[in-house]
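Below you'll find the structure, written out as structure tokens, and then a few comments.
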Amino acid sequence: MSNPSTGAASPAVEEMYQEIILDHYRAKHHSGLRDPYEAEVHHVNPSCGDEVTLRVHLDGDTVRDVSYDGVGCSISQASTSVMTDLVIDRRVDDGLALHDEFLTLMQGKGLVEPDEDRLEDGIAFAGVAKFPARVKCALLGWSAFKDAVLQAGARQHADAPATSTTEE
Amino acid sequence: MTAPTQQREVPAGLGYDVEAVRSQFPILSRTVGDHPLRYLDSANTSQKPQAVIDAITEHYRDHNANVARAMHLLGAEATAAYEGGRARVADFIGAPRPEEVVFTKNASEALNLAAHTLGSRLREGDEVVVSVAEHHSNIVPWQLACERSGATLRWFDITEEGRLDLEAARREGLVNERTKVVSIAWVSNVLGTVHPVAEVAAMAHAVGAVMVVDGCQGVPQLPTRVADLGADLLAFTGHKMVGPTGIGVLWGRYDLLESLPPFLGGGEMIEVVRMTGSTYAPPPARFEAGTPPIAGGAVLGVAADWLADLGMERVAAHEQAITRYALEGLQTIRGLRILGPTEAVQRGGAISFTVPDVHPHDMAQLLDSRGIAVRGGHHCARPLHERLGVQSSTRASFYLYTTEAEVDALVEGVARTITFFGGTP
């Protein structure tokens with residue numbers, strides 16, 4: 001029976017599974033659903049079954065809390081954890097801008113240089129962009145955040161005269 | 001009723017030279033990075049032998065024309081190839097006549113055809129029975145048919161071992177005088193379980209219900225005789241049985257097919273078209289509107305012949321042997337949970353499993369980095385995963401070209417992945 005010799009996992013995969021990602025996966029930040037909140041969304045990745053229920057609590061123009069309950073792979077769970085670190089206590093418009101910057105990084109096929117000052121631990125996901133099948137995983141929590149924050153914003157402004165909830 | 005055509009004990013000497021078979025599949029000698037390809041995703045789609053690859057080229061190079069309407073030599077050749085494919089597929093599954101073989105684009109379309117046409121007879125109060133272990137393609141079309149008609153969808157549960165729970169079904173009167181259709185998989189694409197189709201068919205027929213069988217995983221692995229299966233309709237797909245993508249089959253008892261209304265409307269499915277109404281062609285043309293997958297049908301015949309030449313008894317024997325070997329190997333890993341039967345008895349060559357603290361997506365990615373191709377997720381069977389209390393699983397699936405060395409690489413790769421994520425295999 002032949003069993004060709006095999007080396008370590010290829011560098012590309014080890015590059016993707018940064019220690020930062022594994023740390024967040026093992027101990028997710030801000031995990032669990034909390035009150036109060038203005039919007040709750042449920043996002044799924046139908047191809048692999050990853051799911052996240054996510055709540056957003058706004059305080060005026062500030063994201064006061066993001067809480068969530070998720071099941072899924074290390075990439076989706078760690079990315080959601082990193083996202084909450086970045087957006088909690090940040091202005092709503094800046095949180096949405098961060099979403100767009102992370103999206104650009106993920107869609108960049110590994111060619112986009114991430115801005116560490118802005119994305120902090122999020123730059124650990126730069127390697128994920130080289131694996132198209134995993135980009136959806138990394139975006140799951142971010143997409144849920146954007147969806148929830150827009151819904152919460154719309155609700156918050158419901159009584160006010162028609163104002164746009166997105167400033168971009 | 002005769003005994004079901006299901007997995008038999010392996011008579012000695014039925015094996016074949018796996019390396020000689022592998023040499024006919026060019027893709028199996030390619031590499032993934034620095035690693036040889038270990039393709040363990042055949043329940044998803046099978047690889048193709050050179051004979052099938054050549055037949056696709058030959059059809060387009062030498063015989064391409066539309067079928068059944070072109071009044072020229074190429075048209076006659078293409079028609080002969082397409083209808084020849086139908087006859088060879090009929091022969092492969094023991095169908096009494098080629099007209100019982102309807103070509104579709106895949107098994108999902110075949111099941112939708114069944115659900116749509118049988119569904120047109122459903123009324124409020126009627127019941128359709130599937131199982132919790134079905135692929136989405138054998139659940140959703142029936143849900144839609146029930147929504148349209150007001151009928152109720154019910155399902156077989158599974159036992160703790162992952163087998164169809166016939167006892168509970170009998171106790172609860174699952175199949176009863178309200179049942180109009182029973183539709184179950186021959187072999188589960190997740191658990192690998194070979195379902196007792198003939199027994200279920202007997203339950204269905206006792207109450208006058210139509211028995212539909214999803215043969216996607218069964219037909220490629222097991223010798224198929226439709227009469228022995230007890231099915232009235234049998235859906236399967238070409239690409240899982242060394243054939244091309246884009247061609248599926250719905251076999252049906254001719255008298256049943258003849259009683260069913262059309263599915264898709266268009267060219268070739270009609271008899272006479274008037275602006276005030278149309279009449280329809282007899283089966284199988286009634287269910288093949290428009291230009292069919294001509295090359296697909298022709299080449300599926302080549303694939304069926306290739307399998308028949310290798311011998312489906314021998315394919316089944318190999319499948320069982322390699323599955324037994326893999327079940328033993330995987331169970332040496334600490335904490336690894338196999339979904340479904342852990343012994344290679346009445347079991348096909350798909351093994352789904354979970355390991356603690358490693359998500360199947362990560363497992364599949366790490367295995368891929370070592371050239372091992374598996375599937376991670378819920379394998380289009382979310383209700384089954386929910387029933388088993390797991391979010392998703394990793395699935396390794398084997399076929400006639402799978403070697404023990406590939407299974408060894410899988411077991412080693414799974415152990416290494418557990419270590420990578422900080423566990424102890």
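Letters A, B, ... go to the chains of the structure tokens in the order shown; residues in each chain start at 1; ligands are counted from 1 in the same order.
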May I have the residues of chain B within 7 Å of chain A, counting only C-alpha atoms, written as a PDB file with N, CA and C atoms, in the first residue's frame?
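Output file result_14.pdb is given in full below:
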```pdb
ATOM      1  N   HIS B 359     -14.818  22.761  12.948  1.00  0.00           N
ATOM      2  CA  HIS B 359     -15.973  22.879  12.069  1.00  0.00           C
ATOM      3  C   HIS B 359     -15.667  22.202  10.725  1.00  0.00           C
ATOM      4  N   HIS B 361     -16.190  22.966   7.756  1.00  0.00           N
ATOM      5  CA  HIS B 361     -15.628  23.869   6.749  1.00  0.00           C
ATOM      6  C   HIS B 361     -14.114  23.970   6.892  1.00  0.00           C
ATOM      7  N   ASP B 362     -13.686  24.069   8.155  1.00  0.00           N
ATOM      8  CA  ASP B 362     -12.246  24.132   8.428  1.00  0.00           C
ATOM      9  C   ASP B 362     -11.595  22.789   8.133  1.00  0.00           C
ATOM     10  N   SER B 369      -5.846  21.278   1.595  1.00  0.00           N
ATOM     11  CA  SER B 369      -4.464  21.749   1.505  1.00  0.00           C
ATOM     12  C   SER B 369      -3.489  20.573   1.399  1.00  0.00           C
ATOM     13  N   ARG B 370      -3.963  19.377   1.675  1.00  0.00           N
ATOM     14  CA  ARG B 370      -3.136  18.182   1.551  1.00  0.00           C
ATOM     15  C   ARG B 370      -3.627  17.305   0.396  1.00  0.00           C
ATOM     16  N   GLY B 376     -17.816  19.562   3.133  1.00  0.00           N
ATOM     17  CA  GLY B 376     -18.169  20.002   4.482  1.00  0.00           C
ATOM     18  C   GLY B 376     -19.422  20.845   4.426  1.00  0.00           C
ATOM     19  N   GLY B 377     -20.358  20.591   5.343  1.00  0.00           N
ATOM     20  CA  GLY B 377     -21.602  21.355   5.339  1.00  0.00           C
ATOM     21  C   GLY B 377     -22.744  20.457   5.737  1.00  0.00           C
ATOM     22  N   HIS B 378     -23.956  20.715   5.216  1.00  0.00           N
ATOM     23  CA  HIS B 378     -25.048  19.803   5.551  1.00  0.00           C
ATOM     24  C   HIS B 378     -25.475  18.952   4.358  1.00  0.00           C
ATOM     25  N   GLN B 391     -24.820  20.657  13.564  1.00  0.00           N
ATOM     26  CA  GLN B 391     -25.036  21.777  12.661  1.00  0.00           C
ATOM     27  C   GLN B 391     -24.600  21.419  11.238  1.00  0.00           C
ATOM     28  N   SER B 392     -23.535  20.670  11.138  1.00  0.00           N
ATOM     29  CA  SER B 392     -23.038  20.253   9.832  1.00  0.00           C
ATOM     30  C   SER B 392     -22.034  19.133  10.046  1.00  0.00           C
ATOM     31  N   ALA B 405      -5.060   3.402   0.249  1.00  0.00           N
ATOM     32  CA  ALA B 405      -4.054   4.444   0.516  1.00  0.00           C
ATOM     33  C   ALA B 405      -4.739   5.815   0.632  1.00  0.00           C
TER      34      ALA B 405
END
```
Determine which residues of range 260-416 of chain B receive a DSSP assignment of alpha helix (DSSP H), computed from the backbone, and state them as a ChimeraX atom specification. /B:294-310,312-330,360-368,382-388,404-416
Using only C-alpha atoms, pick whichever of B:Val302, B:Ala133, B:Leu118, B:Met203 has the shortest atom-to-atom distance to Leu260 in chain B. B:Leu118
With only C-alpha atoms as the atoms that count, which of B:Thr31, B:Thr237, B:Thr159, B:Thr45 lies nearest to Asp368 in chain B?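 The answer is B:Thr31, which sits nearest to Asp368 in chain B.
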Sort by chain and increasing residue number a table of all residues of range 106-162 of chain A within 12 Å of range 90-99 of chain A, each with its closest pair of atoms and their distance in Å to one decimal, counting only C-alpha atoms, and write it as a tab-separated table.
```
residue	atom	partner	partner_atom	distance
A:Met106	CA	A:His99	CA	10.5
A:Pro114	CA	A:Leu98	CA	11.5
A:Asp115	CA	A:Leu98	CA	10.5
A:Glu116	CA	A:Leu98	CA	11.7
A:Asp117	CA	A:Leu98	CA	11.2
A:Arg118	CA	A:Leu98	CA	7.4
A:Leu119	CA	A:Leu98	CA	7.3
A:Glu120	CA	A:Leu98	CA	10.7
A:Gly122	CA	A:Leu98	CA	10.0
A:Ile123	CA	A:Leu98	CA	11.9
A:Ala138	CA	A:His99	CA	11.4
A:Leu139	CA	A:His99	CA	9.0
A:Leu140	CA	A:His99	CA	11.2
A:Gly141	CA	A:His99	CA	10.0
A:Trp142	CA	A:His99	CA	6.3
A:Ser143	CA	A:His99	CA	7.9
A:Ala144	CA	A:His99	CA	10.4
A:Phe145	CA	A:His99	CA	8.5
A:Lys146	CA	A:Leu96	CA	6.5
A:Asp147	CA	A:Leu96	CA	10.0
A:Ala148	CA	A:Leu96	CA	11.0
A:Val149	CA	A:Val92	CA	7.6
A:Leu150	CA	A:Leu96	CA	9.2
A:Ala152	CA	A:Val92	CA	10.4
A:Gly153	CA	A:Val92	CA	8.7
```
Output for the residues just chosen: N, CA and C atoms as a PDB file, in the first residue's frame:
```pdb
ATOM      1  N   MET A 106     -11.921  41.714   1.395  1.00  0.00           N
ATOM      2  CA  MET A 106     -12.334  40.334   1.106  1.00  0.00           C
ATOM      3  C   MET A 106     -12.508  40.092  -0.388  1.00  0.00           C
ATOM      4  N   PRO A 114      -4.309  45.702   3.519  1.00  0.00           N
ATOM      5  CA  PRO A 114      -5.224  46.162   4.553  1.00  0.00           C
ATOM      6  C   PRO A 114      -4.621  47.292   5.407  1.00  0.00           C
ATOM      7  N   ASP A 115      -5.482  48.150   5.911  1.00  0.00           N
ATOM      8  CA  ASP A 115      -5.068  49.284   6.746  1.00  0.00           C
ATOM      9  C   ASP A 115      -5.203  48.871   8.216  1.00  0.00           C
ATOM     10  N   GLU A 116      -4.076  48.576   8.863  1.00  0.00           N
ATOM     11  CA  GLU A 116      -4.111  48.061  10.227  1.00  0.00           C
ATOM     12  C   GLU A 116      -4.675  49.077  11.220  1.00  0.00           C
ATOM     13  N   ASP A 117      -4.455  50.358  10.952  1.00  0.00           N
ATOM     14  CA  ASP A 117      -4.989  51.382  11.852  1.00  0.00           C
ATOM     15  C   ASP A 117      -6.513  51.335  11.883  1.00  0.00           C
ATOM     16  N   ARG A 118      -7.090  50.980  10.770  1.00  0.00           N
ATOM     17  CA  ARG A 118      -8.544  50.945  10.674  1.00  0.00           C
ATOM     18  C   ARG A 118      -9.106  49.574  11.080  1.00  0.00           C
ATOM     19  N   LEU A 119      -8.552  48.507  10.515  1.00  0.00           N
ATOM     20  CA  LEU A 119      -9.169  47.182  10.675  1.00  0.00           C
ATOM     21  C   LEU A 119      -8.612  46.385  11.853  1.00  0.00           C
ATOM     22  N   GLU A 120      -7.531  46.853  12.435  1.00  0.00           N
ATOM     23  CA  GLU A 120      -6.940  46.205  13.614  1.00  0.00           C
ATOM     24  C   GLU A 120      -6.833  44.680  13.432  1.00  0.00           C
ATOM     25  N   GLY A 122      -8.767  42.741  12.238  1.00  0.00           N
ATOM     26  CA  GLY A 122      -9.405  42.375  10.973  1.00  0.00           C
ATOM     27  C   GLY A 122      -8.414  42.113   9.844  1.00  0.00           C
ATOM     28  N   ILE A 123      -7.191  42.671   9.968  1.00  0.00           N
ATOM     29  CA  ILE A 123      -6.216  42.435   8.894  1.00  0.00           C
ATOM     30  C   ILE A 123      -5.776  40.972   8.855  1.00  0.00           C
ATOM     31  N   ALA A 138     -16.261  34.828   6.025  1.00  0.00           N
ATOM     32  CA  ALA A 138     -15.693  36.004   6.692  1.00  0.00           C
ATOM     33  C   ALA A 138     -16.679  37.166   6.696  1.00  0.00           C
ATOM     34  N   LEU A 139     -17.568  37.198   5.724  1.00  0.00           N
ATOM     35  CA  LEU A 139     -18.497  38.322   5.595  1.00  0.00           C
ATOM     36  C   LEU A 139     -19.814  38.118   6.342  1.00  0.00           C
ATOM     37  N   LEU A 140     -20.069  36.906   6.823  1.00  0.00           N
ATOM     38  CA  LEU A 140     -21.386  36.596   7.407  1.00  0.00           C
ATOM     39  C   LEU A 140     -21.765  37.586   8.513  1.00  0.00           C
ATOM     40  N   GLY A 141     -20.913  37.751   9.499  1.00  0.00           N
ATOM     41  CA  GLY A 141     -21.223  38.625  10.635  1.00  0.00           C
ATOM     42  C   GLY A 141     -21.284  40.097  10.225  1.00  0.00           C
ATOM     43  N   TRP A 142     -20.387  40.486   9.351  1.00  0.00           N
ATOM     44  CA  TRP A 142     -20.360  41.876   8.880  1.00  0.00           C
ATOM     45  C   TRP A 142     -21.650  42.221   8.135  1.00  0.00           C
ATOM     46  N   SER A 143     -22.095  41.306   7.267  1.00  0.00           N
ATOM     47  CA  SER A 143     -23.332  41.556   6.510  1.00  0.00           C
ATOM     48  C   SER A 143     -24.523  41.660   7.453  1.00  0.00           C
ATOM     49  N   ALA A 144     -24.525  40.810   8.477  1.00  0.00           N
ATOM     50  CA  ALA A 144     -25.610  40.847   9.461  1.00  0.00           C
ATOM     51  C   ALA A 144     -25.582  42.174  10.218  1.00  0.00           C
ATOM     52  N   PHE A 145     -24.370  42.636  10.566  1.00  0.00           N
ATOM     53  CA  PHE A 145     -24.230  43.924  11.259  1.00  0.00           C
ATOM     54  C   PHE A 145     -24.798  45.059  10.399  1.00  0.00           C
ATOM     55  N   LYS A 146     -24.412  45.097   9.132  1.00  0.00           N
ATOM     56  CA  LYS A 146     -24.875  46.179   8.251  1.00  0.00           C
ATOM     57  C   LYS A 146     -26.398  46.163   8.144  1.00  0.00           C
ATOM     58  N   ASP A 147     -26.934  44.972   7.934  1.00  0.00           N
ATOM     59  CA  ASP A 147     -28.384  44.814   7.821  1.00  0.00           C
ATOM     60  C   ASP A 147     -29.080  45.322   9.090  1.00  0.00           C
ATOM     61  N   ALA A 148     -28.580  44.880  10.241  1.00  0.00           N
ATOM     62  CA  ALA A 148     -29.217  45.230  11.523  1.00  0.00           C
ATOM     63  C   ALA A 148     -29.106  46.721  11.798  1.00  0.00           C
ATOM     64  N   VAL A 149     -27.956  47.278  11.510  1.00  0.00           N
ATOM     65  CA  VAL A 149     -27.745  48.686  11.827  1.00  0.00           C
ATOM     66  C   VAL A 149     -28.632  49.573  10.937  1.00  0.00           C
ATOM     67  N   LEU A 150     -28.815  49.172   9.705  1.00  0.00           N
ATOM     68  CA  LEU A 150     -29.692  49.943   8.818  1.00  0.00           C
ATOM     69  C   LEU A 150     -31.139  49.846   9.288  1.00  0.00           C
ATOM     70  N   ALA A 152     -32.126  49.228  12.387  1.00  0.00           N
ATOM     71  CA  ALA A 152     -32.230  49.954  13.654  1.00  0.00           C
ATOM     72  C   ALA A 152     -32.277  51.450  13.403  1.00  0.00           C
ATOM     73  N   GLY A 153     -31.446  51.895  12.468  1.00  0.00           N
ATOM     74  CA  GLY A 153     -31.415  53.317  12.133  1.00  0.00           C
ATOM     75  C   GLY A 153     -32.745  53.786  11.573  1.00  0.00           C
TER      76      GLY A 153
END
```
Can you work out the spacing between CA of Ala129 in chain A and CA of Lys28 in chain A in Å, to one decimal?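 Going from CA of Ala129 in chain A over to CA of Lys28 in chain A, I get 21.6 Å.
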Need to verify the contact set: range 69-78 of chain B, 12 Å, only C-alpha atoms, exclusion of same-chain residues closer than 5 positions in sequence. Can you return it as a VMD selection string? chain B and resid 58 to 64 83 to 85 267 to 268 290 to 299
Taking N, CA and C atoms for each residue, export the selection above as a PDB file, in the first residue's frame.
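Written file, result23.pdb:
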```pdb
ATOM      1  N   GLU B  58     -16.274  13.064 -29.351  1.00  0.00           N
ATOM      2  CA  GLU B  58     -16.649  12.400 -30.603  1.00  0.00           C
ATOM      3  C   GLU B  58     -18.044  12.827 -31.060  1.00  0.00           C
ATOM      4  N   HIS B  59     -18.955  12.935 -30.095  1.00  0.00           N
ATOM      5  CA  HIS B  59     -20.306  13.335 -30.466  1.00  0.00           C
ATOM      6  C   HIS B  59     -20.305  14.712 -31.122  1.00  0.00           C
ATOM      7  N   TYR B  60     -19.673  15.664 -30.480  1.00  0.00           N
ATOM      8  CA  TYR B  60     -19.674  17.028 -31.029  1.00  0.00           C
ATOM      9  C   TYR B  60     -18.832  17.139 -32.298  1.00  0.00           C
ATOM     10  N   ARG B  61     -17.768  16.331 -32.385  1.00  0.00           N
ATOM     11  CA  ARG B  61     -16.873  16.415 -33.546  1.00  0.00           C
ATOM     12  C   ARG B  61     -17.500  15.761 -34.778  1.00  0.00           C
ATOM     13  N   ASP B  62     -18.178  14.632 -34.586  1.00  0.00           N
ATOM     14  CA  ASP B  62     -18.574  13.829 -35.748  1.00  0.00           C
ATOM     15  C   ASP B  62     -20.078  13.716 -35.997  1.00  0.00           C
ATOM     16  N   HIS B  63     -20.910  13.918 -34.975  1.00  0.00           N
ATOM     17  CA  HIS B  63     -22.328  13.573 -35.147  1.00  0.00           C
ATOM     18  C   HIS B  63     -23.299  14.668 -34.760  1.00  0.00           C
ATOM     19  N   ASN B  64     -22.821  15.866 -34.451  1.00  0.00           N
ATOM     20  CA  ASN B  64     -23.702  16.866 -33.853  1.00  0.00           C
ATOM     21  C   ASN B  64     -24.808  17.357 -34.790  1.00  0.00           C
ATOM     22  N   GLU B  83     -31.143   8.211 -28.787  1.00  0.00           N
ATOM     23  CA  GLU B  83     -32.071   7.110 -28.493  1.00  0.00           C
ATOM     24  C   GLU B  83     -31.318   5.837 -28.108  1.00  0.00           C
ATOM     25  N   GLY B  84     -30.113   5.695 -28.660  1.00  0.00           N
ATOM     26  CA  GLY B  84     -29.271   4.562 -28.267  1.00  0.00           C
ATOM     27  C   GLY B  84     -28.888   4.672 -26.796  1.00  0.00           C
ATOM     28  N   GLY B  85     -28.593   5.910 -26.369  1.00  0.00           N
ATOM     29  CA  GLY B  85     -28.284   6.152 -24.960  1.00  0.00           C
ATOM     30  C   GLY B  85     -29.452   5.760 -24.084  1.00  0.00           C
ATOM     31  N   GLY B 267     -41.616  22.434 -27.697  1.00  0.00           N
ATOM     32  CA  GLY B 267     -41.432  21.594 -28.866  1.00  0.00           C
ATOM     33  C   GLY B 267     -41.211  20.151 -28.480  1.00  0.00           C
ATOM     34  N   GLU B 268     -41.568  19.251 -29.371  1.00  0.00           N
ATOM     35  CA  GLU B 268     -41.305  17.806 -29.250  1.00  0.00           C
ATOM     36  C   GLU B 268     -42.159  17.090 -28.213  1.00  0.00           C
ATOM     37  N   GLY B 290     -38.577  20.716 -25.793  1.00  0.00           N
ATOM     38  CA  GLY B 290     -37.410  21.441 -26.289  1.00  0.00           C
ATOM     39  C   GLY B 290     -36.267  20.524 -26.669  1.00  0.00           C
ATOM     40  N   THR B 291     -35.171  21.137 -27.118  1.00  0.00           N
ATOM     41  CA  THR B 291     -34.000  20.344 -27.478  1.00  0.00           C
ATOM     42  C   THR B 291     -33.438  19.701 -26.215  1.00  0.00           C
ATOM     43  N   PRO B 292     -33.352  18.386 -26.190  1.00  0.00           N
ATOM     44  CA  PRO B 292     -32.900  17.701 -24.975  1.00  0.00           C
ATOM     45  C   PRO B 292     -31.375  17.749 -24.851  1.00  0.00           C
ATOM     46  N   PRO B 293     -30.834  17.284 -23.728  1.00  0.00           N
ATOM     47  CA  PRO B 293     -29.371  17.165 -23.593  1.00  0.00           C
ATOM     48  C   PRO B 293     -28.903  15.996 -24.449  1.00  0.00           C
ATOM     49  N   ILE B 294     -28.653  16.268 -25.721  1.00  0.00           N
ATOM     50  CA  ILE B 294     -28.403  15.203 -26.703  1.00  0.00           C
ATOM     51  C   ILE B 294     -27.094  14.465 -26.417  1.00  0.00           C
ATOM     52  N   ALA B 295     -26.009  15.242 -26.317  1.00  0.00           N
ATOM     53  CA  ALA B 295     -24.723  14.599 -26.035  1.00  0.00           C
ATOM     54  C   ALA B 295     -24.787  13.888 -24.685  1.00  0.00           C
ATOM     55  N   GLY B 296     -25.458  14.520 -23.723  1.00  0.00           N
ATOM     56  CA  GLY B 296     -25.577  13.924 -22.388  1.00  0.00           C
ATOM     57  C   GLY B 296     -26.246  12.569 -22.445  1.00  0.00           C
ATOM     58  N   GLY B 297     -27.356  12.464 -23.165  1.00  0.00           N
ATOM     59  CA  GLY B 297     -28.078  11.199 -23.272  1.00  0.00           C
ATOM     60  C   GLY B 297     -27.240  10.140 -23.972  1.00  0.00           C
ATOM     61  N   ALA B 298     -26.590  10.565 -25.063  1.00  0.00           N
ATOM     62  CA  ALA B 298     -25.771   9.617 -25.819  1.00  0.00           C
ATOM     63  C   ALA B 298     -24.626   9.096 -24.951  1.00  0.00           C
ATOM     64  N   VAL B 299     -23.962  10.030 -24.241  1.00  0.00           N
ATOM     65  CA  VAL B 299     -22.771   9.646 -23.477  1.00  0.00           C
ATOM     66  C   VAL B 299     -23.142   8.914 -22.186  1.00  0.00           C
TER      67      VAL B 299
END
```
Could you give me, as a PyMOL selection string, the residues within 9 Å of Val187 in chain B, counting only C-alpha atoms and dropping anything in the same chain fewer than 4 positions from it? chain B and resi 191-195+214-219+347-348
Identify which of the residues A:Ala39, A:Val56, A:Val135, A:Leu111 lies closest to Val87 in chain A, counting only C-alpha atoms when measuring atom-to-atom distances.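 Comparing A:Ala39, A:Val56, A:Val135, A:Leu111 against Val87 in chain A, the winner is A:Val56.
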Pick from B:Ser149, B:Thr403, B:Pro425, B:Ile372 nearest to Gly33 in chain B, counting only C-alpha atoms: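 For Gly33 in chain B, the nearest of the given residues is B:Ile372.
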Which residue out of B:Glu19, B:Glu406, B:Glu412, B:Glu199 has the minimum interatomic distance to Leu37 in chain B when only C-alpha atoms are used?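 Among the listed residues, the smallest separation from Leu37 in chain B belongs to B:Glu406.
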Apply DSSP to the structure's backbone, then extract all residues of range 132-219 of chain B labelled strand (DSSP E) and return them as a list in words. Thr152, Leu153, Arg154, Trp155, Phe156, Thr179, Lys180, Val181, Val182, Ser183, Ile184, Ala185, Val210, Met211, Val212, Val213 and Asp214 of chain B
Within 10 Å of Asp89 in chain A using only C-alpha atoms, minus same-chain residues under 2 positions, as a list in words: Leu58, Asp59, Asp61, Thr62, Val63, Arg64, Asp65, Val66, Thr84, Asp85, Leu86, Val87, Arg91, Val92 and Gly95 of chain A
So which residues touch range 317-326 of chain B within 8 Å, counting only C-alpha atoms, skipping near sequence neighbours fewer than 5 positions away, as a count of residues only? 20
Interatomic distance, CA of Ala110 in chain B to CA of Gln24 in chain B (Å, one decimal):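 Spanning CA of Ala110 in chain B to CA of Gln24 in chain B is a straight-line distance of 29.8 Å.
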Quick one: distance from CA of Leu122 in chain B to CA of Ala209 in chain B in Å, one decimal?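 If I compute the distance from CA of Leu122 in chain B to CA of Ala209 in chain B, I get 11.3 Å.
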Please provide as a ChimeraX atom specification all residues within 9 Å of Arg22 in chain B, with the sequence filter that same-chain residues fewer than 4 positions apart are discarded (counting only C-alpha atoms). /B:17-18,26,28-29,49,400-402
Quick one: write out the picked residues with C-alpha atoms as a PDB file, in the first residue's frame?
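Saved result, part_11.pdb, follows:
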```pdb
ATOM      1  CA  ASP B  17      -7.449  -4.329 -10.073  1.00  0.00           C
ATOM      2  CA  VAL B  18      -8.186  -0.837  -8.729  1.00  0.00           C
ATOM      3  CA  PRO B  26      -6.915  10.920 -16.202  1.00  0.00           C
ATOM      4  CA  LEU B  28      -6.880  10.899 -10.722  1.00  0.00           C
ATOM      5  CA  SER B  29      -3.216  11.321 -11.625  1.00  0.00           C
ATOM      6  CA  PRO B  49     -13.078   7.605 -17.467  1.00  0.00           C
ATOM      7  CA  LEU B 400     -15.058   2.270  -7.726  1.00  0.00           C
ATOM      8  CA  TYR B 401     -11.624   3.922  -8.033  1.00  0.00           C
ATOM      9  CA  THR B 402     -11.012   4.663  -4.323  1.00  0.00           C
TER      10      THR B 402
END
```
Of the listed residues A:Gln77, A:Ser67, A:Gln156, A:Thr104, that which approaches Ser31 in chain A most closely, counting only C-alpha atoms: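 Of all the options, A:Ser67 lies closest to Ser31 in chain A.
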